[in-house]
Every structure is written in C-alpha cells, then in structure tokens.
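Listing of work-v7.txt; format and content: compact mmCIF, C-alpha atoms.
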# COMPACT_ATOMS: atom_id res chain seq x y z
CA ILE M 1 73.24 46.87 133.66
CA ARG M 2 73.97 48.07 137.18
CA ASN M 3 76.68 45.43 137.61
CA LEU M 4 78.28 46.58 134.37
CA ILE M 5 78.17 50.23 135.47
CA SER M 6 79.68 49.49 138.89
CA SER M 7 82.30 47.06 137.66
CA LYS M 8 85.93 48.06 138.19
CA SER M 9 86.79 46.66 134.78
CA PHE M 10 84.42 49.10 133.08
CA ASN M 11 85.84 52.25 134.63
CA GLN M 12 87.36 53.16 131.28
CA LEU M 13 84.00 53.78 129.60
CA ALA M 14 83.51 57.13 127.93
CA GLN M 15 81.50 59.44 130.18
CA LEU M 16 78.56 59.61 127.77
CA THR M 17 78.48 55.81 127.47
CA ASP M 18 78.46 55.52 131.26
CA TYR M 19 75.67 58.11 131.41
CA TYR M 20 73.47 56.19 128.97
CA LEU M 21 74.07 52.89 130.77
CA ILE M 22 72.91 54.55 133.99
CA ASN M 23 69.82 55.82 132.20
CA ALA M 24 69.16 52.36 130.76
CA ALA M 25 69.25 50.93 134.29
CA ARG M 26 66.95 53.71 135.50
CA ASN M 27 64.51 53.06 132.65
CA GLU M 28 64.31 49.37 133.60
CA HIS M 29 63.85 50.27 137.28
CA VAL M 30 61.08 52.77 136.52
CA LYS M 31 59.21 50.52 134.11
CA LYS M 32 59.56 47.23 135.98
CA THR M 33 59.55 48.33 139.62
CA LEU M 34 58.40 51.88 140.31
CA LEU M 35 55.41 52.10 137.97
CA LEU M 36 54.18 48.67 139.07
CA ALA M 37 54.53 49.66 142.73
CA LYS M 38 52.70 52.92 142.10
CA LYS M 39 49.86 51.08 140.38
CA GLN M 40 49.62 48.74 143.40
CA LYS M 41 49.82 51.74 145.81
CA LYS M 42 52.97 50.39 147.45
CA ILE M 43 55.60 52.40 149.26
CA VAL M 44 59.01 52.31 147.61
CA ILE M 45 62.32 53.24 149.18
CA SER M 46 65.07 53.79 146.66
CA ASP M 47 68.69 54.62 147.33
CA ARG M 48 69.28 56.63 144.14
CA TYR M 49 67.24 58.48 141.57
CA ILE M 50 67.50 61.44 139.21
CA ASP M 51 69.39 63.65 141.68
CA SER M 52 72.20 61.10 141.68
CA THR M 53 72.45 61.25 137.91
CA TYR M 54 72.47 65.03 138.04
CA ALA M 55 75.12 65.20 140.77
CA TYR M 56 77.40 62.47 139.44
CA GLN M 57 76.94 62.73 135.70
CA VAL M 58 75.91 66.31 134.88
CA VAL M 59 77.84 68.28 137.48
CA ALA M 60 80.80 66.07 138.32
CA ASN M 61 81.25 64.42 134.88
CA LYS M 62 80.08 67.42 132.86
CA ILE M 63 77.32 65.71 130.87
CA ASP M 64 75.24 68.35 129.09
CA LYS M 65 72.27 69.52 131.20
CA LYS M 66 69.97 69.62 128.18
CA ILE M 67 70.75 66.00 127.27
CA ASN M 68 70.05 64.98 130.85
CA SER M 69 66.81 66.94 131.05
CA ILE M 70 65.46 65.38 127.85
CA ASN M 71 66.40 61.85 128.97
CA GLN M 72 65.00 62.24 132.49
CA LYS M 73 61.69 63.64 131.21
CA TYR M 74 61.38 60.75 128.79
CA ILE M 75 62.31 58.04 131.31
CA ILE M 76 60.55 59.20 134.48
CA LYS M 77 57.82 61.36 132.98
CA ASN M 78 56.20 62.78 136.16
CA LEU M 79 57.28 60.05 138.57
CA LYS M 80 58.88 61.91 141.45
CA PRO M 81 59.56 60.98 145.06
CA ASN M 82 57.28 62.24 147.83
CA LEU M 83 60.30 62.59 150.08
CA THR M 84 64.02 62.71 149.42
CA ILE M 85 66.55 62.31 152.21
CA VAL M 86 70.05 63.60 151.64
CA LEU M 87 72.74 62.24 153.93
CA LYS M 88 75.82 64.42 154.00
CA SER M 89 79.02 63.52 155.77
CA ASN M 90 82.53 64.78 156.29
CA PHE M 91 85.04 63.28 153.89
CA LYS M 92 87.15 61.63 156.57
CA THR M 93 84.10 59.57 157.55
CA ILE M 94 83.22 58.84 153.94
CA TYR M 95 86.69 57.46 153.18
CA SER M 96 86.69 55.44 156.39
CA ARG M 97 83.39 53.82 155.40
CA ILE M 98 84.63 53.06 151.90
CA LYS M 99 87.74 51.34 153.32
CA LYS M 100 85.57 49.11 155.53
CA ARG M 101 83.51 47.78 152.62
CA LYS M 102 84.16 44.23 151.54
CA LYS M 103 83.52 45.06 147.91
CA ASN M 104 84.29 48.36 146.21
CA ASN M 105 83.25 49.64 142.81
CA LYS M 106 84.50 52.33 140.47
CA PHE M 107 82.53 55.03 142.31
CA ASP M 108 84.56 54.35 145.44
CA LYS M 109 87.85 55.35 143.83
CA LEU M 110 87.06 58.80 142.49
CA LYS M 111 88.93 61.99 143.31
CA ASN M 112 88.05 64.07 146.34
CA SER M 113 87.01 66.96 144.07
CA PHE M 114 84.43 64.68 142.41
CA TYR M 115 82.85 63.76 145.76
CA LYS M 116 82.79 67.40 146.87
CA LYS M 117 81.01 68.46 143.67
CA ALA M 118 78.49 65.65 144.02
CA GLN M 119 77.76 66.32 147.70
CA ASN M 120 77.44 70.08 147.15
CA THR M 121 75.03 69.40 144.29
CA TYR M 122 72.82 67.18 146.44
CA ILE M 123 72.73 69.81 149.18
CA SER M 124 71.98 72.59 146.71
CA ILE M 125 69.08 70.63 145.18
CA ALA M 126 67.73 69.78 148.64
CA ARG M 127 67.79 73.39 149.81
CA ARG M 128 65.63 74.41 146.83
CA ASN M 129 62.96 71.73 147.38
CA LYS M 130 60.42 71.43 150.19
CA ASP M 131 60.17 67.62 150.02
CA TYR M 132 63.87 67.17 150.79
CA LEU M 133 65.51 66.67 154.16
CA ILE M 134 69.25 66.98 154.84
CA PHE M 135 70.90 65.08 157.66
CA ASP M 136 74.52 64.90 158.75
CA SER M 137 75.43 61.22 158.86
CA SER M 138 79.06 61.73 159.91
CA LYS M 139 78.26 60.09 163.22
CA ASN M 140 76.63 56.74 162.65
CA THR M 141 74.05 56.72 165.44
CA THR M 142 70.73 55.04 166.08
CA GLU M 143 69.42 58.49 166.97
CA LEU M 144 69.76 59.56 163.34
CA GLU M 145 67.95 56.40 162.23
CA LYS M 146 65.09 57.14 164.63
CA THR M 147 64.86 60.76 163.46
CA ILE M 148 64.71 59.73 159.81
CA LEU M 149 62.15 57.01 160.53
CA ALA M 150 59.94 59.55 162.34
CA PHE M 151 60.01 61.86 159.30
CA VAL M 152 59.23 58.98 156.93
CA LEU M 153 56.32 57.73 159.06
CA LYS M 154 54.92 61.26 159.30
CA LYS M 155 55.09 61.59 155.51
CA ILE M 156 53.30 58.31 154.75
CA LYS M 157 50.44 58.86 157.22
Show this structure as structure tokens.
Amino acid sequence: IRNLISSKSFNQLAQLTDYYLINAARNEHVKKTLLLAKKQKKIVISDRYIDSTYAYQVVANKIDKKINSINQKYIIKNLKPNLTIVLKSNFKTIYSRIKKRKKNNKFDKLKNSFYKKAQNTYISIARRNKDYLIFDSSKNTTELEKTILAFVLKKIK
C-alpha cells in the first residue's frame, strides 16, 4: 500500500482516495507491527504517524477533520506515542535534501505552500503537547543527533 501511495504514477489519485490508502497502510502497521510490539513491551521508532496524516491530508489537502477524527479513533484507538520529535528545517535545506535523493516520490514534488502548511501544522501540534520536542534540523550535525538521542534515552529509562 505504501508503495502505491508513494508512486509517481499514482499522483493523480483523488485526495480522498489517497487519504484512505494512507489509512489502510496505517491500519496494517498498527495491527501487524505496533500492537504486537506493545504486547511484547518493545520500543518502536516510527517515522510517521497520525500527525503526518493531519498535516498532509487534513490541513494541506483539506480532508474533512471529522472524517479524519473518526478514522484515526477507529484505527489507532488509544495507541499514542510516548514521545514525538518534530524536525523543522528551512525550505532551502529541504529542497537541497530532496534533490540529493536517489529516488523521489510524489510527496517530493509538491508546491512550497503545501510544505509550509504541513510544517506549520506539525509545529502547532507540537507546541500544544508536552510529549513533543521540536528541533531545527537545517544544519545536519552530529550534535543534533546526540541531543535527540539523549532525550530519547531519558524518556525510555
């Protein structure tokens, strides 16, 4: 499902179709990975979750908030992260990183206004939640990696 969503050839999907494919992928991930890991008391690091859907689909693609809320409650129930790290960056750096990738997907070719809406949404969500940390990743340094690792280790102890 994720390959279908990210595929360049499927960038013509209707926004609601795209939204439901993303939720289908999330449902599989929750049921087959996250719930199993929770049962086994394992630590899971995930690169995207419900905030991504909210930022990309609800805010930037204008999917109805009520539809999203109903779907997220049904799919994730009460499964929430203990810590969420938001990496913000300036757009010059973002575009430079995208250009360096060997393989791009449809999310890499969106308008600047889309990325701004998404980033602002992540930051807004993070500022309202105590289990969120925001870091500026414009400069790709090992110092940032060490800082993030220290926060993660503190959280899991």
- Would you please work out which residue, of M:Ile45, M:Ala55, M:Val30, M:Leu110, is nearest to Thr84 of chain M when using only C-alpha atoms?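 Going through M:Ile45, M:Ala55, M:Val30, M:Leu110 one by one, the smallest distance to Thr84 of chain M is for M:Ile45.
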- Query: Nearest to Asn61 of chain M among M:Ser124, M:Thr17, M:Ser96, M:Asn82, with distances taken over only C-alpha atoms: which residue is it?
  - Reply: M:Thr17
- Message: I'd like the neighbourhood of Asn90 of chain M as a ChimeraX atom specification, where a residue qualifies if any of its atoms comes within 12 Å (using only C-alpha atoms), though same-chain residues fewer than 2 positions away should be ignored.
- Response: /M:87-88,92-97,112,115-116,119-120,135-140
- Query: Looking at only C-alpha atoms, which of M:Asp18, M:Leu83, M:Asn78, M:Lys31 is the one that sits closest to Asp47 of chain M?
  - Reply: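 Checking each of M:Asp18, M:Leu83, M:Asn78, M:Lys31 against Asp47 of chain M, counting only C-alpha atoms, the winner is M:Leu83.
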- Between M:Ala118, M:Leu144, M:Ile76, M:Leu35, single out the one closest to Ile50 of chain M, counting only C-alpha atoms. M:Ile76
Kindly compute an axis-aligned box around the listed atoms of segment 50-59 of chain M, allowing 6 Å on each side, and express its centre and edge lengths in Å to one decimal as JSON.
{"center_x": 72.7, "center_y": 64.7, "center_z": 138.3, "size_x": 22.3, "size_y": 19.2, "size_z": 18.8}
- Between atom CA of Tyr20 of chain M and atom CA of Ile123 of chain M, what is the distance, to one decimal in Å?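 About the pair atom CA of Tyr20 of chain M and atom CA of Ile123 of chain M: they are 24.4 Å apart.
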- Nearest-residue call for Asn68 of chain M, choices M:Val44, M:Lys102, M:Phe151, M:Tyr19, using all atoms listed in the file: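 Smallest distance to Asn68 of chain M is found for M:Tyr19.
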Rebuild segment 73-95 of chain M to N, CA and C atoms - output it as a short mmCIF file (atom, residue, chain, number, x, y, z; two decimals), keeping the file's coordinate frame, please.
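Heads up, here's the output in result19.cif:
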data_model
loop_
_atom_site.label_atom_id
_atom_site.label_comp_id
_atom_site.auth_asym_id
_atom_site.auth_seq_id
_atom_site.Cartn_x
_atom_site.Cartn_y
_atom_site.Cartn_z
N LYS M 73 63.12 63.43 131.49
CA LYS M 73 61.69 63.64 131.21
C LYS M 73 61.11 62.45 130.48
N TYR M 74 61.86 61.89 129.56
CA TYR M 74 61.38 60.75 128.79
C TYR M 74 61.28 59.48 129.66
N ILE M 75 62.27 59.27 130.50
CA ILE M 75 62.31 58.04 131.31
C ILE M 75 61.33 58.10 132.48
N ILE M 76 61.37 59.18 133.26
CA ILE M 76 60.55 59.20 134.48
C ILE M 76 59.20 59.87 134.31
N LYS M 77 59.05 60.59 133.22
CA LYS M 77 57.82 61.36 132.98
C LYS M 77 57.55 62.22 134.22
N ASN M 78 56.49 61.99 134.96
CA ASN M 78 56.20 62.78 136.16
C ASN M 78 56.36 61.98 137.45
N LEU M 79 57.11 60.91 137.40
CA LEU M 79 57.28 60.05 138.57
C LEU M 79 58.37 60.62 139.48
N LYS M 80 57.93 61.27 140.54
CA LYS M 80 58.88 61.91 141.45
C LYS M 80 58.65 61.41 142.88
N PRO M 81 59.70 61.42 143.67
CA PRO M 81 59.56 60.98 145.06
C PRO M 81 58.70 61.95 145.88
N ASN M 82 58.03 61.40 146.88
CA ASN M 82 57.28 62.24 147.83
C ASN M 82 58.21 62.83 148.88
N LEU M 83 59.33 62.16 149.09
CA LEU M 83 60.30 62.59 150.08
C LEU M 83 61.68 62.14 149.62
N THR M 84 62.63 63.05 149.72
CA THR M 84 64.02 62.71 149.42
C THR M 84 64.88 63.06 150.63
N ILE M 85 65.66 62.11 151.06
CA ILE M 85 66.55 62.31 152.21
C ILE M 85 67.98 62.35 151.70
N VAL M 86 68.66 63.42 152.03
CA VAL M 86 70.05 63.60 151.64
C VAL M 86 70.90 63.42 152.90
N LEU M 87 71.82 62.47 152.82
CA LEU M 87 72.74 62.24 153.93
C LEU M 87 74.10 62.82 153.55
N LYS M 88 74.50 63.85 154.26
CA LYS M 88 75.82 64.42 154.00
C LYS M 88 76.76 63.94 155.10
N SER M 89 78.04 63.99 154.80
CA SER M 89 79.02 63.52 155.77
C SER M 89 80.34 64.21 155.51
N ASN M 90 81.20 64.23 156.53
CA ASN M 90 82.53 64.78 156.29
C ASN M 90 83.34 63.73 155.52
N PHE M 91 84.34 64.18 154.80
CA PHE M 91 85.04 63.28 153.89
C PHE M 91 85.94 62.28 154.61
N LYS M 92 86.39 62.60 155.78
CA LYS M 92 87.15 61.63 156.57
C LYS M 92 86.28 60.41 156.87
N THR M 93 85.04 60.66 157.26
CA THR M 93 84.10 59.57 157.55
C THR M 93 83.77 58.79 156.29
N ILE M 94 83.55 59.51 155.21
CA ILE M 94 83.22 58.84 153.94
C ILE M 94 84.33 57.87 153.55
N TYR M 95 85.57 58.32 153.57
CA TYR M 95 86.69 57.46 153.18
C TYR M 95 86.86 56.29 154.14
#
